[in-house]
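Asker: Take a look at upload-v2.cif, mmCIF, C-alpha atoms:
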data_work
loop_
_atom_site.label_atom_id
_atom_site.label_comp_id
_atom_site.auth_asym_id
_atom_site.auth_seq_id
_atom_site.Cartn_x
_atom_site.Cartn_y
_atom_site.Cartn_z
CA MET X 1 3.31 18.31 4.21
CA GLU X 2 0.97 16.14 6.17
CA LEU X 3 -1.51 15.73 3.33
CA LEU X 4 0.95 13.17 2.01
CA MET X 5 1.12 11.16 5.19
CA SER X 6 -1.55 8.56 4.80
CA GLU X 7 -1.24 5.27 6.64
CA SER X 8 -2.63 2.21 4.97
CA PRO X 9 -3.61 -0.25 7.71
CA ARG X 10 -6.99 1.10 8.79
CA ASP X 11 -7.58 -1.74 11.20
CA ALA X 12 -4.88 -0.34 13.47
CA ASN X 13 -7.40 2.08 14.98
CA GLN X 14 -9.08 -0.87 16.69
CA LEU X 15 -6.18 -0.83 19.16
CA PHE X 16 -7.94 2.00 20.96
CA PHE X 17 -11.71 1.93 20.74
CA SER X 18 -14.17 -0.14 18.81
CA PRO X 19 -17.59 1.28 17.85
CA ARG X 20 -19.82 0.85 20.88
CA SER X 21 -22.31 2.83 22.87
CA SER X 22 -20.38 4.97 25.29
CA SER X 23 -20.61 8.35 26.96
CA ILE X 24 -16.83 8.49 27.07
CA ASN X 25 -16.03 8.49 23.37
CA GLY X 26 -19.34 9.95 22.21
CA THR X 27 -20.11 7.22 19.67
CA SER X 28 -22.46 4.28 19.31
CA GLU X 29 -23.23 1.58 16.79
CA HIS X 30 -26.01 3.72 15.32
CA ALA X 31 -24.75 7.26 15.92
CA ASP X 32 -22.08 9.31 14.22
CA VAL X 33 -19.14 10.85 16.04
CA THR X 34 -19.93 14.22 17.61
CA PHE X 35 -16.41 14.95 18.81
CA PHE X 36 -12.91 13.51 18.60
CA ILE X 37 -10.45 12.53 21.31
CA ILE X 38 -6.88 13.65 20.61
CA GLN X 39 -4.55 10.93 21.85
CA GLY X 40 -1.42 13.08 21.74
CA LEU X 41 1.38 11.89 23.98
CA ALA X 42 -0.92 10.69 26.74
CA ASN X 43 1.00 7.41 27.05
CA LEU X 44 4.19 9.22 28.07
CA THR X 45 3.06 9.54 31.69
CA GLU X 46 6.52 9.79 33.27
CA ASN X 47 8.02 12.33 30.83
CA LYS X 48 4.83 14.27 30.16
CA MET X 49 5.85 17.47 31.97
CA ILE X 50 9.30 17.42 30.38
CA PHE X 51 7.76 17.42 26.91
CA PHE X 52 5.26 20.07 28.02
CA THR X 53 8.05 22.38 29.23
CA ILE X 54 10.10 21.90 26.05
CA LEU X 55 7.14 22.55 23.75
CA LEU X 56 6.06 25.57 25.79
CA LEU X 57 9.55 27.09 25.56
CA VAL X 58 9.70 26.39 21.82
CA TYR X 59 6.29 28.00 21.32
CA ILE X 60 7.30 31.09 23.34
CA ILE X 61 10.51 31.43 21.30
CA ILE X 62 8.54 31.08 18.05
CA LEU X 63 6.08 33.80 19.13
CA GLY X 64 8.83 36.06 20.47
CA GLY X 65 11.27 35.65 17.58
CA ASN X 66 8.75 36.01 14.79
CA GLY X 67 6.94 38.78 16.66
CA LEU X 68 10.24 40.68 16.92
CA ILE X 69 10.84 40.34 13.16
CA ILE X 70 7.32 41.59 12.41
CA PHE X 71 7.75 44.57 14.75
CA VAL X 72 11.22 45.51 13.49
CA THR X 73 10.40 45.21 9.77
CA LEU X 74 7.24 47.27 10.20
CA THR X 75 8.72 50.04 12.34
CA ASP X 76 12.27 50.52 11.04
CA PRO X 77 12.29 52.84 7.99
CA LYS X 78 15.56 51.33 6.75
CA LEU X 79 13.84 47.97 6.22
CA PHE X 80 11.22 49.30 3.82
CA SER X 81 12.17 46.96 0.97
CA PRO X 82 10.34 44.07 -0.75
CA MET X 83 12.48 41.42 0.96
CA TYR X 84 11.45 42.58 4.44
CA PHE X 85 7.83 43.00 3.39
CA PHE X 86 7.81 39.32 2.42
CA LEU X 87 9.79 38.39 5.53
CA HIS X 88 7.29 39.85 7.98
CA ASN X 89 4.47 38.12 6.09
CA LEU X 90 6.37 34.84 6.43
CA SER X 91 6.81 35.43 10.16
CA PHE X 92 3.10 36.20 10.50
CA VAL X 93 2.23 32.92 8.75
CA ASP X 94 4.64 31.04 11.03
CA VAL X 95 2.95 32.48 14.13
CA LEU X 96 -0.51 31.50 12.87
CA PHE X 97 0.70 28.07 11.72
CA THR X 98 2.14 27.07 15.08
CA THR X 99 -0.80 28.63 16.95
CA SER X 100 -3.19 26.44 14.97
CA ILE X 101 -1.82 23.32 16.71
CA MET X 102 0.57 24.16 19.55
CA PRO X 103 -1.90 25.45 22.22
CA ASN X 104 -4.09 22.40 21.64
CA MET X 105 -1.02 20.16 21.88
CA LEU X 106 0.06 21.81 25.14
CA ALA X 107 -3.43 21.49 26.61
CA GLY X 108 -3.23 17.74 26.02
CA PHE X 109 -0.46 17.49 28.62
CA LEU X 110 -2.61 19.16 31.30
CA VAL X 111 -5.86 17.19 30.99
CA ASP X 112 -6.64 13.50 31.24
CA GLN X 113 -8.51 13.45 27.94
CA LEU X 114 -8.29 16.15 25.29
CA THR X 115 -11.38 16.45 23.10
CA ILE X 116 -12.21 18.62 20.11
CA SER X 117 -15.58 19.17 18.46
CA TYR X 118 -16.36 17.70 15.05
CA SER X 119 -16.34 21.10 13.32
CA GLY X 120 -13.35 22.29 15.34
CA CYS X 121 -11.34 19.29 14.20
CA PHE X 122 -11.85 20.04 10.51
CA LEU X 123 -11.25 23.76 11.02
CA GLN X 124 -7.93 22.95 12.68
CA MET X 125 -7.11 20.59 9.82
CA TYR X 126 -7.93 23.26 7.23
CA PHE X 127 -5.85 25.99 8.87
CA PHE X 128 -2.93 23.65 9.53
CA ILE X 129 -2.72 22.55 5.88
CA GLY X 130 -3.58 25.96 4.43
CA LEU X 131 -1.02 27.86 6.49
CA SER X 132 1.63 25.24 5.70
CA VAL X 133 1.02 25.76 1.98
CA THR X 134 0.91 29.55 2.42
CA GLY X 135 4.31 29.51 4.11
CA ARG X 136 5.86 27.63 1.18
CA ALA X 137 4.12 29.96 -1.28
CA ILE X 138 5.65 32.99 0.45
CA LEU X 139 9.06 31.29 0.33
CA THR X 140 8.46 30.93 -3.42
CA VAL X 141 7.65 34.65 -3.68
CA MET X 142 10.85 35.44 -1.78
CA ALA X 143 12.81 33.28 -4.25
CA TYR X 144 11.31 35.28 -7.13
CA ASP X 145 12.28 38.50 -5.33
CA ARG X 146 15.89 37.31 -5.09
CA TYR X 147 15.82 36.31 -8.77
CA VAL X 148 14.69 39.80 -9.84
CA ALA X 149 17.20 41.50 -7.52
CA ILE X 150 20.16 39.49 -8.87
CA CYS X 151 19.21 38.89 -12.51
CA ASN X 152 17.56 42.28 -13.19
CA PRO X 153 19.12 44.68 -10.66
CA LEU X 154 18.56 47.81 -12.79
CA ARG X 155 14.85 47.09 -13.16
CA TYR X 156 14.33 45.75 -9.63
CA THR X 157 12.60 48.83 -8.20
CA ALA X 158 10.45 49.20 -11.32
CA ILE X 159 9.33 45.54 -11.17
CA MET X 160 8.93 45.04 -7.41
CA THR X 161 6.60 47.95 -6.72
CA ARG X 162 4.36 47.90 -3.65
CA PRO X 163 1.23 46.88 -5.67
CA VAL X 164 3.22 43.95 -7.12
CA GLN X 165 4.40 42.94 -3.65
CA VAL X 166 0.85 43.00 -2.30
CA LEU X 167 -0.40 41.04 -5.32
CA LEU X 168 2.26 38.35 -4.80
CA VAL X 169 1.43 37.99 -1.10
CA VAL X 170 -2.32 37.88 -1.79
CA GLY X 171 -1.64 35.19 -4.41
CA ALA X 172 0.35 33.18 -1.84
CA TRP X 173 -2.48 33.42 0.70
CA GLY X 174 -5.04 32.53 -1.96
CA PHE X 175 -3.02 29.50 -3.06
CA GLY X 176 -2.79 28.35 0.56
CA ALA X 177 -6.52 28.87 1.09
CA LEU X 178 -7.55 26.90 -2.02
CA CYS X 179 -5.19 23.91 -1.82
CA PRO X 180 -6.77 22.17 1.21
CA LEU X 181 -10.38 22.65 0.03
CA PRO X 182 -10.76 19.49 -2.12
CA ALA X 183 -9.38 17.15 0.56
CA ILE X 184 -11.25 18.85 3.43
CA THR X 185 -14.52 18.89 1.46
CA MET X 186 -14.27 15.17 0.77
CA ALA X 187 -13.37 14.45 4.39
CA LEU X 188 -16.45 16.34 5.60
CA GLN X 189 -18.69 14.24 3.36
CA GLN X 190 -17.48 11.01 4.94
CA ARG X 191 -19.19 9.32 7.88
CA TYR X 192 -17.38 8.89 11.18
CA CYS X 193 -19.28 6.38 13.30
CA GLY X 194 -16.52 5.38 15.70
CA PRO X 195 -13.94 4.91 17.07
CA ASN X 196 -13.21 8.59 17.53
CA VAL X 197 -9.64 8.56 18.91
CA VAL X 198 -7.23 10.52 16.71
CA ARG X 199 -3.79 8.94 17.06
CA HIS X 200 -1.96 12.22 16.74
CA GLY X 201 -1.27 15.46 18.57
CA TRP X 202 -3.92 17.33 16.55
CA CYS X 203 -6.44 16.64 13.79
CA ASP X 204 -3.92 15.32 11.32
CA PRO X 205 -5.64 14.49 7.97
CA SER X 206 -4.30 10.94 7.65
CA SER X 207 -5.08 10.09 11.29
CA VAL X 208 -8.66 11.37 11.01
CA ARG X 209 -9.10 9.60 7.66
CA ARG X 210 -8.43 6.27 9.35
CA LEU X 211 -11.60 6.79 11.43
CA VAL X 212 -13.88 6.90 8.38
CA CYS X 213 -16.58 4.22 8.26
CA GLY X 214 -16.24 3.51 4.57
CA ASP X 215 -13.91 3.50 1.60
CA THR X 216 -11.26 6.24 1.60
CA SER X 217 -9.51 5.42 -1.69
CA ALA X 218 -10.81 8.54 -3.43
CA ASP X 219 -9.90 10.66 -0.39
CA ASN X 220 -6.34 9.33 -0.46
CA ILE X 221 -5.98 10.15 -4.17
CA VAL X 222 -7.39 13.67 -3.80
CA SER X 223 -5.27 14.32 -0.70
CA LEU X 224 -2.11 13.08 -2.40
CA THR X 225 -2.85 15.08 -5.55
CA SER X 226 -3.43 18.28 -3.56
CA ALA X 227 -0.19 17.76 -1.66
CA LEU X 228 1.80 17.11 -4.84
CA VAL X 229 0.35 20.22 -6.47
CA ALA X 230 1.28 22.34 -3.45
CA LEU X 231 4.75 20.89 -2.99
CA LEU X 232 5.76 20.55 -6.63
CA THR X 233 4.42 23.95 -7.70
CA THR X 234 6.32 25.81 -5.00
CA GLY X 235 9.36 23.52 -5.14
CA VAL X 236 9.77 23.75 -8.92
CA LEU X 237 9.38 27.55 -8.91
CA ILE X 238 11.95 27.94 -6.13
CA LEU X 239 14.35 25.58 -7.89
CA THR X 240 13.88 27.42 -11.20
CA SER X 241 14.59 30.76 -9.52
CA TYR X 242 17.83 29.49 -8.05
CA VAL X 243 18.94 27.85 -11.29
CA LEU X 244 18.51 31.18 -13.06
CA ILE X 245 20.29 32.93 -10.17
CA SER X 246 23.18 30.45 -10.45
CA VAL X 247 23.46 31.11 -14.19
CA ALA X 248 23.55 34.85 -13.57
CA MET X 249 26.11 34.50 -10.78
CA SER X 250 28.41 32.44 -13.01
CA ARG X 251 28.84 35.53 -15.22
CA MET X 252 29.73 37.84 -12.31
CA GLY X 253 33.04 38.70 -10.79
CA VAL X 254 34.09 37.19 -7.47
CA ALA X 255 33.08 40.23 -5.39
CA GLN X 256 29.66 40.50 -7.05
CA ARG X 257 29.13 36.76 -6.72
CA LEU X 258 29.83 36.79 -3.00
CA LYS X 259 27.52 39.77 -2.50
CA ALA X 260 24.72 38.07 -4.45
CA LEU X 261 25.24 34.82 -2.55
CA GLY X 262 25.03 36.70 0.73
CA THR X 263 21.55 37.98 -0.12
CA CYS X 264 20.32 34.44 -0.84
CA THR X 265 21.94 32.48 1.98
CA ALA X 266 19.28 33.02 4.63
CA HIS X 267 16.39 32.22 2.31
CA LEU X 268 18.13 29.20 0.83
CA THR X 269 18.86 27.87 4.32
CA VAL X 270 15.22 28.22 5.38
CA VAL X 271 14.00 26.51 2.19
CA SER X 272 16.46 23.65 2.68
CA PHE X 273 15.34 23.08 6.26
CA SER X 274 11.67 23.28 5.32
CA TYR X 275 11.75 20.77 2.48
CA SER X 276 14.22 18.46 4.23
CA ALA X 277 11.97 18.31 7.28
CA ALA X 278 8.92 17.60 5.10
CA SER X 279 10.78 14.78 3.33
CA PHE X 280 11.96 13.31 6.63
CA ILE X 281 8.48 13.20 8.15
CA TYR X 282 7.06 11.74 4.94
CA ILE X 283 9.59 8.89 5.15
CA SER X 284 8.88 8.37 8.85
CA TYR X 285 5.19 7.88 8.09
CA ARG X 286 6.10 5.15 5.63
CA VAL X 287 8.13 3.17 8.18
CA GLY X 288 5.79 0.55 9.57
CA ASN X 289 7.55 -0.24 12.86
CA VAL X 290 7.58 3.33 14.22
CA SER X 291 5.32 3.87 17.24
CA ALA X 292 2.54 6.45 17.26
CA GLU X 293 4.34 8.49 19.93
CA VAL X 294 7.52 8.74 17.83
CA ARG X 295 5.50 9.83 14.81
CA ILE X 296 3.78 12.51 16.86
CA ILE X 297 7.11 13.82 18.17
CA VAL X 298 8.54 13.86 14.63
CA SER X 299 5.44 15.72 13.40
CA VAL X 300 5.76 18.30 16.17
CA LEU X 301 9.45 18.82 15.35
CA TYR X 302 8.58 19.25 11.68
CA SER X 303 5.81 21.74 12.45
CA ALA X 304 7.94 23.78 14.84
CA LEU X 305 11.32 23.56 13.09
CA THR X 306 10.94 26.17 10.36
CA PRO X 307 9.01 28.75 12.47
CA PHE X 308 11.60 28.25 15.22
CA LEU X 309 14.62 28.61 12.94
CA ASN X 310 13.39 31.43 10.68
CA PRO X 311 14.08 34.30 13.15
CA ILE X 312 17.42 32.77 14.14
CA ILE X 313 18.61 32.25 10.56
CA TYR X 314 17.57 35.68 9.31
CA SER X 315 18.96 37.40 12.39
CA LEU X 316 22.34 35.67 12.01
CA ARG X 317 22.60 35.92 8.22
CA ASN X 318 21.16 39.39 7.62
CA LYS X 319 23.30 42.33 8.69
CA GLU X 320 20.57 44.94 8.12
CA LEU X 321 18.12 43.03 10.30
CA ARG X 322 20.70 42.60 13.06
CA GLU X 323 21.43 46.32 13.03
CA ALA X 324 17.71 47.14 13.10
CA ILE X 325 17.20 44.85 16.12
CA ARG X 326 20.17 46.53 17.79
CA ARG X 327 18.64 49.97 17.14
CA ILE X 328 15.33 48.83 18.62
CA GLY X 329 17.16 47.52 21.69
CA THR X 330 19.06 50.79 22.10
CA ARG X 331 15.86 52.85 21.86
CA PHE X 332 14.19 50.58 24.40
CA ARG X 333 17.07 50.90 26.86
CA LEU X 334 17.10 54.70 26.48
CA ALA X 335 13.35 54.82 27.06
CA VAL X 336 13.68 52.70 30.21
CA MET X 337 16.57 54.82 31.53
CA SER X 338 14.78 58.11 30.83
CA ALA X 339 11.50 57.02 32.46
CA PRO X 340 12.63 57.62 36.08
CA LYS X 341 14.05 61.06 35.14
CA ASN X 342 10.75 62.06 33.55
CA ILE X 343 8.87 60.95 36.65
CA GLN X 344 11.18 63.00 38.90
CA THR X 345 10.77 66.05 36.66
CA MET X 346 6.99 65.78 36.85
CA THR X 347 7.06 65.48 40.65
#
Once more with this new file: its structure as structure tokens, please.
Answerer:
Amino acid sequence: MELLMSESPRDANQLFFSPRSSSINGTSEHADVTFFIIQGLANLTENKMIFFTILLLVYIIILGGNGLIIFVTLTDPKLFSPMYFFLHNLSFVDVLFTTSIMPNMLAGFLVDQLTISYSGCFLQMYFFIGLSVTGRAILTVMAYDRYVAICNPLRYTAIMTRPVQVLLVVGAWGFGALCPLPAITMALQQRYCGPNVVRHGWCDPSSVRRLVCGDTSADNIVSLTSALVALLTTGVLILTSYVLISVAMSRMGVAQRLKALGTCTAHLTVVSFSYSAASFIYISYRVGNVSAEVRIIVSVLYSALTPFLNPIIYSLRNKELREAIRRIGTRFRLAVMSAPKNIQTMT
């Protein structure tokens, strides 16, 4: 998670603009920043449209794939189970998460200079962090659902009632909403007097923090603490769930073990991708000789990877979801084929 990705050499921002009176960057020696300039991948002049096309296609696939899962799980009566209730909430979070940054990122390829207001920058930062935490919290809830289904199968329906499902999802959203507040509140209290160029594709917390005109030691500690709380809380709970699941599976027969493993494979794959990508980007931010453009590309890949892969993984790994999508497709084809006949009958 990008709360962790703080870069130490603050003087590096002088590579772009120094505080001076200017109508271009909206700062002066005696005035605070009123807006920020998002650098993005502006330096990639030759390959700009290639990256734009790739990101646009990825964004369309994310919206289409997750939108399809939301539609299918809400409309198919055979998917009225806790797992699919959590799944369509996860897809909804993925859509919001990518939408919080991707349109702004795409706009940066089409204009000479992408700007964002002071308040808009911190709103984007809040939603980006909050939705990232919410997604991991829902993955944690899904791990608990698998634990109950495998370790307490006879009591599963009694435990995972609809009120309990709603309570778990509300708790995940609440956790995601609260986690960014300390870091964002401290960032808002800082003074930004210039330069105002954010060396990232969006208002990344560590990139904006480097523009503070003052000491950011406390901000770094609070940001790191919030990130550790979010990552360790969800990570430890998911790991605990799967340890208990492994213990329960060790006492099962081969057929039962394979069946139980099949219900966990998709979720476990998504969790592995999510935390591996977060670890990879964290390491990349600690490598000093990596250019800003490479870091931005890595950040974009991290932000888009899980939302992009979720529909693919669950569609490939989940037989019930595949069959539900096939039923939706069949009904759509029948509706299209019957439309001309209905028109002829009416005429």
Asker: Which residues come within 9 Å of Ile70 of chain X, counting only C-alpha atoms, excluding same-chain residues fewer than 5 positions away, as a list in words?
Answerer: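 Using only C-alpha atoms, the neighbours found are Gly65, Thr75, Leu87, His88, Asn89, Ser91 and Phe92 of chain X.
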Asker: Counting all atoms listed in the file, which residues in segment 249-302 of chain X sit no more than 12 Å from segment 35-46 of chain X? For each one, give the nearest pair of atoms and the distance in Å, sorted by chain then residue number, as a tab-separated table.
Answerer:
residue	atom	partner	partner_atom	distance
X:Ser291	CA	X:Leu41	CA	11.2
X:Ala292	CA	X:Leu41	CA	8.7
X:Glu293	CA	X:Leu41	CA	6.1
X:Val294	CA	X:Leu41	CA	9.2
X:Arg295	CA	X:Leu41	CA	10.3
X:Ile296	CA	X:Gly40	CA	7.2
X:Ile297	CA	X:Leu41	CA	8.4
X:Val298	CA	X:Leu41	CA	11.9
X:Ser299	CA	X:Gly40	CA	11.1
X:Val300	CA	X:Gly40	CA	10.5
Asker: The PyMOL selection byres ((chain X and resi 158-162) around 10) - which residues does that actually catch in the file I just gave you? List them as a list of chain:residue names.
Answerer: X:Ser81, X:Pro82, X:Met83, X:Phe85, X:Asp145, X:Val148, X:Ala149, X:Asn152, X:Pro153, X:Leu154, X:Arg155, X:Tyr156, X:Thr157, X:Pro163, X:Val164, X:Gln165, X:Val166, X:Leu167, X:Leu168
Asker: Using the chain letters and numbering of this document, enumerate as an MDAnalysis selection string the residues selected by the PyMOL selection byres ((chain X and resi 61) around 12).
Answerer: chainID X and resid 54:60 62:68 94:95 98 304:305 307:312
Asker: May I have the residues from that selection written out with C-alpha atoms, as a PDB file, in the coordinates of the input?
Answerer:
ATOM      1  CA  ILE X  54      10.100  21.900  26.050  1.00  0.00           C
ATOM      2  CA  LEU X  55       7.140  22.550  23.750  1.00  0.00           C
ATOM      3  CA  LEU X  56       6.060  25.570  25.790  1.00  0.00           C
ATOM      4  CA  LEU X  57       9.550  27.090  25.560  1.00  0.00           C
ATOM      5  CA  VAL X  58       9.700  26.390  21.820  1.00  0.00           C
ATOM      6  CA  TYR X  59       6.290  28.000  21.320  1.00  0.00           C
ATOM      7  CA  ILE X  60       7.300  31.090  23.340  1.00  0.00           C
ATOM      8  CA  ILE X  62       8.540  31.080  18.050  1.00  0.00           C
ATOM      9  CA  LEU X  63       6.080  33.800  19.130  1.00  0.00           C
ATOM     10  CA  GLY X  64       8.830  36.060  20.470  1.00  0.00           C
ATOM     11  CA  GLY X  65      11.270  35.650  17.580  1.00  0.00           C
ATOM     12  CA  ASN X  66       8.750  36.010  14.790  1.00  0.00           C
ATOM     13  CA  GLY X  67       6.940  38.780  16.660  1.00  0.00           C
ATOM     14  CA  LEU X  68      10.240  40.680  16.920  1.00  0.00           C
ATOM     15  CA  ASP X  94       4.640  31.040  11.030  1.00  0.00           C
ATOM     16  CA  VAL X  95       2.950  32.480  14.130  1.00  0.00           C
ATOM     17  CA  THR X  98       2.140  27.070  15.080  1.00  0.00           C
ATOM     18  CA  ALA X 304       7.940  23.780  14.840  1.00  0.00           C
ATOM     19  CA  LEU X 305      11.320  23.560  13.090  1.00  0.00           C
ATOM     20  CA  PRO X 307       9.010  28.750  12.470  1.00  0.00           C
ATOM     21  CA  PHE X 308      11.600  28.250  15.220  1.00  0.00           C
ATOM     22  CA  LEU X 309      14.620  28.610  12.940  1.00  0.00           C
ATOM     23  CA  ASN X 310      13.390  31.430  10.680  1.00  0.00           C
ATOM     24  CA  PRO X 311      14.080  34.300  13.150  1.00  0.00           C
ATOM     25  CA  ILE X 312      17.420  32.770  14.140  1.00  0.00           C
TER      26      ILE X 312
END
Asker: Care to translate the PyMOL selection byres ((chain X and resi 239-244) around 10) into actual residues of this file, as a compact mmCIF listing (two decimals) with C-alpha atoms, in the frame of the given file?
Answerer:
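After the write, selection25.txt holds the following:
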# COMPACT_ATOMS: atom_id res chain seq x y z
CA THR X 140 8.46 30.93 -3.42
CA VAL X 141 7.65 34.65 -3.68
CA MET X 142 10.85 35.44 -1.78
CA ALA X 143 12.81 33.28 -4.25
CA TYR X 144 11.31 35.28 -7.13
CA ASP X 145 12.28 38.50 -5.33
CA ARG X 146 15.89 37.31 -5.09
CA TYR X 147 15.82 36.31 -8.77
CA VAL X 148 14.69 39.80 -9.84
CA ILE X 150 20.16 39.49 -8.87
CA CYS X 151 19.21 38.89 -12.51
CA THR X 234 6.32 25.81 -5.00
CA GLY X 235 9.36 23.52 -5.14
CA VAL X 236 9.77 23.75 -8.92
CA LEU X 237 9.38 27.55 -8.91
CA ILE X 238 11.95 27.94 -6.13
CA ILE X 245 20.29 32.93 -10.17
CA SER X 246 23.18 30.45 -10.45
CA VAL X 247 23.46 31.11 -14.19
CA ALA X 248 23.55 34.85 -13.57
CA MET X 249 26.11 34.50 -10.78
CA SER X 250 28.41 32.44 -13.01
CA CYS X 264 20.32 34.44 -0.84
CA LEU X 268 18.13 29.20 0.83
Asker: I'd like the interatomic distance between atom CA of Phe71 of chain X and atom CA of Thr134 of chain X, to a tenth of an Å.
Answerer: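 Atom CA of Thr134 of chain X lies 20.6 Å from atom CA of Phe71 of chain X.
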Asker: Using all atoms listed in the file, which residue out of X:Met105, X:Leu139, X:Lys48, X:Ala335 lies closest to Thr269 of chain X?
Answerer: X:Leu139
Asker: Tell me, as a count of residues only, which residues lie within 9 Å of Ala177 of chain X, counting only C-alpha atoms; anything in the same chain fewer than 4 positions away does not count.
Answerer: 10
Asker: Report the distance between atom CA of Val93 of chain X and atom CA of Val111 of chain X in Å, rounded to one decimal place.
Answerer: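 Distance between the two atoms: 28.4 Å.
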Asker: When you draw a straight line from atom CA of Thr225 of chain X to atom CA of Asp32 of chain X, how long is it in Å?
Answerer: 28.2 Å
Asker: Residues within 9 Å of Gln190 of chain X, please, as a JSON list (two decimals) with C-alpha atoms, keeping the file's coordinate frame. Count only C-alpha atoms; anything in the same chain fewer than 4 positions from it doesn't count.
Answerer:
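Printed below is out_16.json as written:
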[["chain", "number", "residue", "atom", "x", "y", "z"],
["X", 186, "MET", "CA", -14.27, 15.17, 0.77],
["X", 209, "ARG", "CA", -9.10, 9.60, 7.66],
["X", 212, "VAL", "CA", -13.88, 6.90, 8.38],
["X", 213, "CYS", "CA", -16.58, 4.22, 8.26],
["X", 214, "GLY", "CA", -16.24, 3.51, 4.57],
["X", 215, "ASP", "CA", -13.91, 3.50, 1.60],
["X", 216, "THR", "CA", -11.26, 6.24, 1.60]]
Asker: Using all atoms listed in the file, which residue out of X:Leu258, X:Ser303, X:Val197, X:Gly176 lies closest to Ser226 of chain X?
Answerer: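 Closest residue, counting all atoms listed in the file: X:Gly176.
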Asker: Could you check which of X:Leu90, X:Leu106, X:Ile69, X:Ala187 is closest to Met49 of chain X, using only C-alpha atoms?
Answerer: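 Nearest candidate to Met49 of chain X out of X:Leu90, X:Leu106, X:Ile69, X:Ala187: X:Leu106.
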Asker: So that all listed atoms of segment 262-268 of chain X fit with 8 Å spare on each side, what axis-aligned box centre and edge lengths in Å, to one decimal, would you give as lines of an AutoDock Vina configuration file?
Answerer:
center_x = 20.7
center_y = 33.6
center_z = 1.9
size_x = 24.6
size_y = 24.8
size_z = 21.5
Asker: So which residues touch Leu188 of chain X within 12 Å, counting all atoms listed in the file, skipping near sequence neighbours fewer than 6 positions away, as a count of residues only?
Answerer: 15
Asker: Rebuild segment 94-98 of chain X so that it carries all heavy atoms, then output the result as a short mmCIF file (atom, residue, chain, number, x, y, z; two decimals), in the frame of the given file.
Answerer:
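This went into result08.cif:
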data_model
loop_
_atom_site.label_atom_id
_atom_site.label_comp_id
_atom_site.auth_asym_id
_atom_site.auth_seq_id
_atom_site.Cartn_x
_atom_site.Cartn_y
_atom_site.Cartn_z
N ASP X 94 4.05 31.99 10.09
CA ASP X 94 4.64 31.04 11.03
C ASP X 94 3.96 31.10 12.40
O ASP X 94 3.74 30.07 13.04
CB ASP X 94 6.14 31.31 11.18
CG ASP X 94 6.95 30.85 9.98
OD1 ASP X 94 6.42 30.02 9.21
OD2 ASP X 94 8.08 31.31 9.81
N VAL X 95 3.64 32.32 12.84
CA VAL X 95 2.95 32.48 14.13
C VAL X 95 1.57 31.82 14.08
O VAL X 95 1.17 31.08 14.98
CB VAL X 95 2.83 33.97 14.49
CG1 VAL X 95 1.88 34.16 15.67
CG2 VAL X 95 4.19 34.55 14.83
N LEU X 96 0.82 32.09 13.00
CA LEU X 96 -0.51 31.50 12.87
C LEU X 96 -0.44 29.98 12.73
O LEU X 96 -1.27 29.25 13.29
CB LEU X 96 -1.23 32.09 11.66
CG LEU X 96 -1.60 33.58 11.72
CD1 LEU X 96 -2.32 33.98 10.45
CD2 LEU X 96 -2.46 33.88 12.94
N PHE X 97 0.55 29.51 11.97
CA PHE X 97 0.70 28.07 11.72
C PHE X 97 0.93 27.31 13.01
O PHE X 97 0.26 26.31 13.29
CB PHE X 97 1.87 27.86 10.75
CG PHE X 97 2.22 26.42 10.52
CD1 PHE X 97 1.35 25.57 9.86
CD2 PHE X 97 3.44 25.91 10.95
CE1 PHE X 97 1.67 24.23 9.64
CE2 PHE X 97 3.77 24.58 10.73
CZ PHE X 97 2.89 23.75 10.07
N THR X 98 1.86 27.76 13.82
CA THR X 98 2.14 27.07 15.08
C THR X 98 0.99 27.25 16.08
O THR X 98 0.70 26.33 16.85
CB THR X 98 3.45 27.58 15.71
OG1 THR X 98 3.44 29.00 15.76
CG2 THR X 98 4.65 27.14 14.91
#
